[in-house]
$ cat target_17.cif   # mmCIF, C-alpha atoms
data_entry
loop_
_atom_site.label_atom_id
_atom_site.label_comp_id
_atom_site.auth_asym_id
_atom_site.auth_seq_id
_atom_site.Cartn_x
_atom_site.Cartn_y
_atom_site.Cartn_z
CA MET A 1 -18.19 -27.02 5.93
CA ASN A 2 -15.53 -24.38 6.60
CA THR A 3 -13.81 -24.05 3.26
CA LYS A 4 -11.54 -21.19 2.23
CA ASN A 5 -14.09 -19.57 -0.08
CA ASN A 6 -17.41 -20.11 1.58
CA ARG A 7 -19.54 -16.99 1.99
CA ARG A 8 -19.65 -17.05 5.77
CA ARG A 9 -15.90 -17.35 6.07
CA ARG A 10 -15.31 -14.52 3.56
CA GLU A 11 -17.73 -12.30 5.48
CA SER A 12 -15.95 -13.08 8.77
CA VAL A 13 -12.56 -12.25 7.25
CA GLU A 14 -13.92 -8.98 5.85
CA ARG A 15 -15.35 -8.03 9.25
CA ILE A 16 -12.09 -8.89 11.01
CA GLU A 17 -10.04 -6.84 8.55
CA LYS A 18 -12.45 -3.89 8.71
CA VAL A 19 -12.41 -3.79 12.52
CA PHE A 20 -8.62 -4.22 12.58
CA ILE A 21 -8.17 -1.24 10.25
CA GLU A 22 -10.57 0.83 12.37
CA LEU A 23 -8.70 -0.05 15.57
CA LEU A 24 -5.38 0.90 13.96
CA GLN A 25 -6.62 4.45 13.52
CA THR A 26 -6.66 4.95 17.31
CA LYS A 27 -4.23 2.32 18.61
CA GLU A 28 -0.77 1.03 17.84
CA LEU A 29 -0.44 -2.49 16.48
CA HIS A 30 0.99 -3.88 19.73
CA GLU A 31 -2.01 -2.48 21.65
CA ILE A 32 -4.60 -4.38 19.60
CA THR A 33 -5.63 -7.81 20.84
CA VAL A 34 -7.49 -10.65 19.22
CA SER A 35 -10.10 -10.20 21.96
CA ASP A 36 -10.60 -6.53 20.94
CA ILE A 37 -11.23 -7.55 17.36
CA CYS A 38 -13.49 -10.47 18.19
CA LYS A 39 -15.57 -8.41 20.61
CA ARG A 40 -16.18 -5.68 18.04
CA CYS A 41 -16.86 -8.20 15.28
CA GLU A 42 -19.06 -10.34 17.53
CA LEU A 43 -17.09 -13.41 16.48
CA ASN A 44 -15.46 -16.19 18.46
CA ARG A 45 -11.69 -16.23 18.88
CA SER A 46 -11.69 -19.59 17.08
CA THR A 47 -12.97 -17.79 13.96
CA PHE A 48 -10.03 -15.39 14.11
CA TYR A 49 -7.53 -18.21 14.61
CA ALA A 50 -9.07 -20.25 11.80
CA ASN A 51 -7.98 -17.44 9.47
CA TYR A 52 -4.86 -15.93 11.05
CA VAL A 53 -2.04 -17.12 13.28
CA ASP A 54 -1.96 -13.77 15.13
CA ILE A 55 -2.39 -10.01 14.77
CA TYR A 56 0.88 -9.74 12.84
CA GLU A 57 -0.23 -12.19 10.18
CA LEU A 58 -3.46 -10.20 9.85
CA ALA A 59 -1.38 -7.04 9.34
CA ASP A 60 0.71 -8.83 6.69
CA LYS A 61 -2.45 -9.95 4.86
CA ILE A 62 -3.67 -6.35 4.76
CA ARG A 63 -0.31 -5.26 3.31
CA GLU A 64 -0.31 -8.03 0.71
CA ALA A 65 -3.83 -7.13 -0.41
CA LEU A 66 -2.91 -3.48 -0.92
CA GLU A 67 0.30 -4.31 -2.77
CA ARG A 68 -1.59 -6.73 -5.04
CA GLU A 69 -4.18 -4.06 -5.77
CA VAL A 70 -1.50 -1.49 -6.66
CA ASP A 71 0.22 -4.06 -8.89
CA LEU A 72 -3.06 -4.57 -10.75
CA LEU A 73 -3.27 -0.83 -11.49
CA TYR A 74 -0.27 -1.15 -13.80
CA GLU A 75 -0.74 -4.69 -15.08
CA ALA A 76 -1.68 -3.65 -18.64
CA GLU A 77 1.32 -1.34 -18.98
CA ARG A 78 3.72 -4.04 -17.81
CA ALA A 79 2.18 -6.65 -20.11
CA GLN A 80 2.98 -4.35 -23.04
CA SER A 81 6.45 -3.48 -21.65
CA PHE A 82 5.20 0.07 -21.62
CA ASN A 83 6.44 2.54 -19.03
CA SER A 84 3.80 5.25 -18.90
CA ASN A 85 5.05 6.97 -15.74
CA ASP A 86 1.36 7.33 -14.89
CA TYR A 87 1.27 8.27 -11.25
CA LEU A 88 -2.09 9.94 -11.75
CA LYS A 89 -3.71 6.51 -11.66
CA LEU A 90 -1.98 5.75 -8.36
CA PHE A 91 -2.92 9.12 -6.81
CA ARG A 92 -6.56 8.49 -7.75
CA HIS A 93 -6.37 5.08 -6.12
CA ILE A 94 -4.83 6.57 -2.97
CA ARG A 95 -7.54 9.22 -2.72
CA GLU A 96 -10.28 6.57 -3.12
CA ASN A 97 -8.66 4.29 -0.52
CA GLN A 98 -7.23 6.73 2.03
CA LEU A 99 -7.91 4.57 5.08
CA PHE A 100 -6.17 1.59 3.49
CA TYR A 101 -3.06 3.64 2.65
CA CYS A 102 -3.00 5.31 6.07
CA THR A 103 -3.04 1.82 7.58
CA TYR A 104 -0.21 0.68 5.30
CA PHE A 105 1.97 3.59 6.37
CA LYS A 106 1.00 3.32 10.04
CA LEU A 107 2.15 -0.30 10.03
CA GLY A 108 5.52 0.87 8.69
CA TYR A 109 5.43 -1.25 5.56
CA ASP A 110 6.53 1.64 3.37
CA ASN A 111 10.08 1.14 4.62
CA GLN A 112 10.00 -2.43 3.33
CA PHE A 113 8.39 -1.69 -0.04
CA LYS A 114 10.69 -2.24 -2.98
CA LEU A 115 10.15 -0.46 -6.26
CA LYS A 116 9.59 -3.31 -8.67
CA TYR A 117 9.17 -1.29 -11.83
CA TYR A 118 11.78 1.44 -11.65
CA ASP A 119 12.99 2.32 -15.15
CA VAL A 120 16.65 1.45 -14.61
CA HIS A 121 17.54 1.99 -18.27
CA GLN A 122 16.23 5.57 -18.20
CA ALA A 123 17.93 6.19 -14.84
CA LYS A 124 21.24 4.99 -16.27
CA LYS A 125 20.90 7.60 -19.01
CA ASP A 126 19.77 10.35 -16.64
CA PHE A 127 22.45 9.66 -14.04
CA ASP A 128 25.37 8.55 -16.24
CA ASP A 129 24.89 4.93 -15.08
CA ARG A 130 26.15 5.83 -11.60
CA HIS A 131 24.75 5.05 -8.17
CA ILE A 132 21.41 3.86 -9.50
CA GLU A 133 20.50 2.09 -6.23
CA TYR A 134 20.79 5.44 -4.43
CA HIS A 135 18.53 7.14 -6.96
CA ILE A 136 15.96 4.38 -6.55
CA GLU A 137 16.02 4.78 -2.77
CA PHE A 138 15.82 8.57 -3.05
CA PHE A 139 12.78 8.33 -5.30
CA ARG A 140 11.03 5.73 -3.10
CA SER A 141 11.60 7.70 0.09
CA GLY A 142 10.62 11.01 -1.46
CA PHE A 143 7.51 9.59 -3.06
CA ASN A 144 6.41 7.95 0.20
CA ALA A 145 6.98 11.20 2.12
CA ILE A 146 4.84 13.13 -0.36
CA VAL A 147 2.03 10.55 -0.18
CA LYS A 148 2.12 10.54 3.64
CA LYS A 149 1.90 14.32 3.75
CA TRP A 150 -0.99 14.28 1.27
CA LEU A 151 -2.84 11.67 3.33
CA ALA A 152 -2.21 13.58 6.57
CA GLY A 153 -3.82 16.63 4.97
CA GLY A 154 -6.89 14.65 3.94
CA CYS A 155 -5.95 14.51 0.25
CA ARG A 156 -7.11 18.10 -0.30
CA GLU A 157 -5.08 18.50 -3.49
CA THR A 158 -6.38 16.73 -6.57
CA PRO A 159 -4.64 13.64 -7.93
CA GLU A 160 -3.73 15.78 -10.95
CA GLU A 161 -2.00 18.31 -8.69
CA MET A 162 -0.09 15.52 -6.92
CA ASP A 163 1.00 14.03 -10.23
CA GLY A 164 2.24 17.49 -11.23
CA ILE A 165 4.24 17.78 -8.00
CA ILE A 166 5.98 14.45 -8.65
CA ARG A 167 6.72 15.41 -12.25
CA SER A 168 8.14 18.80 -11.28
CA GLU A 169 10.26 17.36 -8.46
CA TYR A 170 11.77 14.72 -10.70
CA GLN A 171 11.93 16.93 -13.80
CA GLY A 172 10.39 14.37 -16.08
CA ARG A 173 12.54 11.52 -14.72
CA VAL A 174 9.63 9.75 -13.06
CA PRO A 175 10.16 5.99 -12.87
CA LEU A 176 7.28 3.58 -12.74
#

$ encode --input "target_17.cif" --output "structure tokens"
Amino acid sequence: MNTKNNRRRRESVERIEKVFIELLQTKELHEITVSDICKRCELNRSTFYANYVDIYELADKIREALEREVDLLYEAERAQSFNSNDYLKLFRHIRENQLFYCTYFKLGYDNQFKLKYYDVHQAKKDFDDRHIEYHIEFFRSGFNAIVKKWLAGGCRETPEEMDGIIRSEYQGRVPL
């Protein structure tokens, strides 16, 4: 029986995703084929198509998984309506999952990512309640650029150093 949660199916999905991420390190998305993935996974094409419509759906599933994982990092803070501005936790996660984040950025999803938990109330105070949407975009773009640069350098700086960079750049006005 080929149910969504059976062990064999989960293992096949994990292999497909792992090979896909590996291929993305040396190829562009449009250069990767289902055949490439299946050959390297030693799976039939029917196994791929039983789980994904195409390469683009596979890419979307990878993005969704990473975004869910990042959401879980801050779940406790949000449940308490607490804004800790704790980017240290995120930088630690990035360092531990560099390949995953490199893949996310390579696929260009960072341009689509929306800050869900930006402290609008604090921003209104800091910026006299003016042009908040621009401040949100400035923060998102700047943060993504810093993370990309850190990843490109192999995450040599510590997560603590990266958290300090964000804090100094935004002078304490660090939204979560």

$ resolve_selection --input "target_17.cif" --expression "the PyMOL selection byres ((chain A and resi 88-100) around 10)" --output "ChimeraX atom specification"
/A:18,21-22,24-25,62-63,65-66,69-70,73-74,85-87,101-106,147,150-152,154-164,166

$ closest_residue --input "target_17.cif" --among "A:Tyr170, A:Phe139, A:Phe48, A:Tyr134" --to "A:Val19" --atoms "all atoms listed in the file"
A:Phe48

$ axis_aligned_box --input "target_17.cif" --around "stretch 103-112 of chain A" --padding-each-side "3 Å" --output "AutoDock Vina command-line options"
--center_x 3.5 --center_y 0.6 --center_z 6.7 --size_x 19.1 --size_y 12.0 --size_z 12.7

$ closest_residue --input "target_17.cif" --among "A:Leu72, A:Leu29, A:Ala145, A:Val34" --to "A:Ala59" --atoms "all atoms listed in the file"
A:Leu29

$ closest_residue --input "target_17.cif" --among "A:Lys148, A:His131, A:Arg40, A:His30" --to "A:Ile55" --atoms "only C-alpha atoms"
A:His30

$ closest_residue --input "target_17.cif" --among "A:Tyr109, A:Ser141, A:Ser12, A:Ile165" --to "A:Glu67" --atoms "all atoms listed in the file"
A:Tyr109

$ closest_residue --input "target_17.cif" --among "A:Val53, A:Leu107, A:Ile146, A:Cys41" --to "A:Val13" --atoms "all atoms listed in the file"
A:Cys41

$ atom_distance --input "target_17.cif" --atom1 "atom CA of A:Cys38" --atom2 "atom CA of A:Asn6"
19.6 Å

$ atom_distance --input "target_17.cif" --atom1 "atom CA of A:Thr47" --atom2 "atom CA of A:Thr33"
14.2 Å
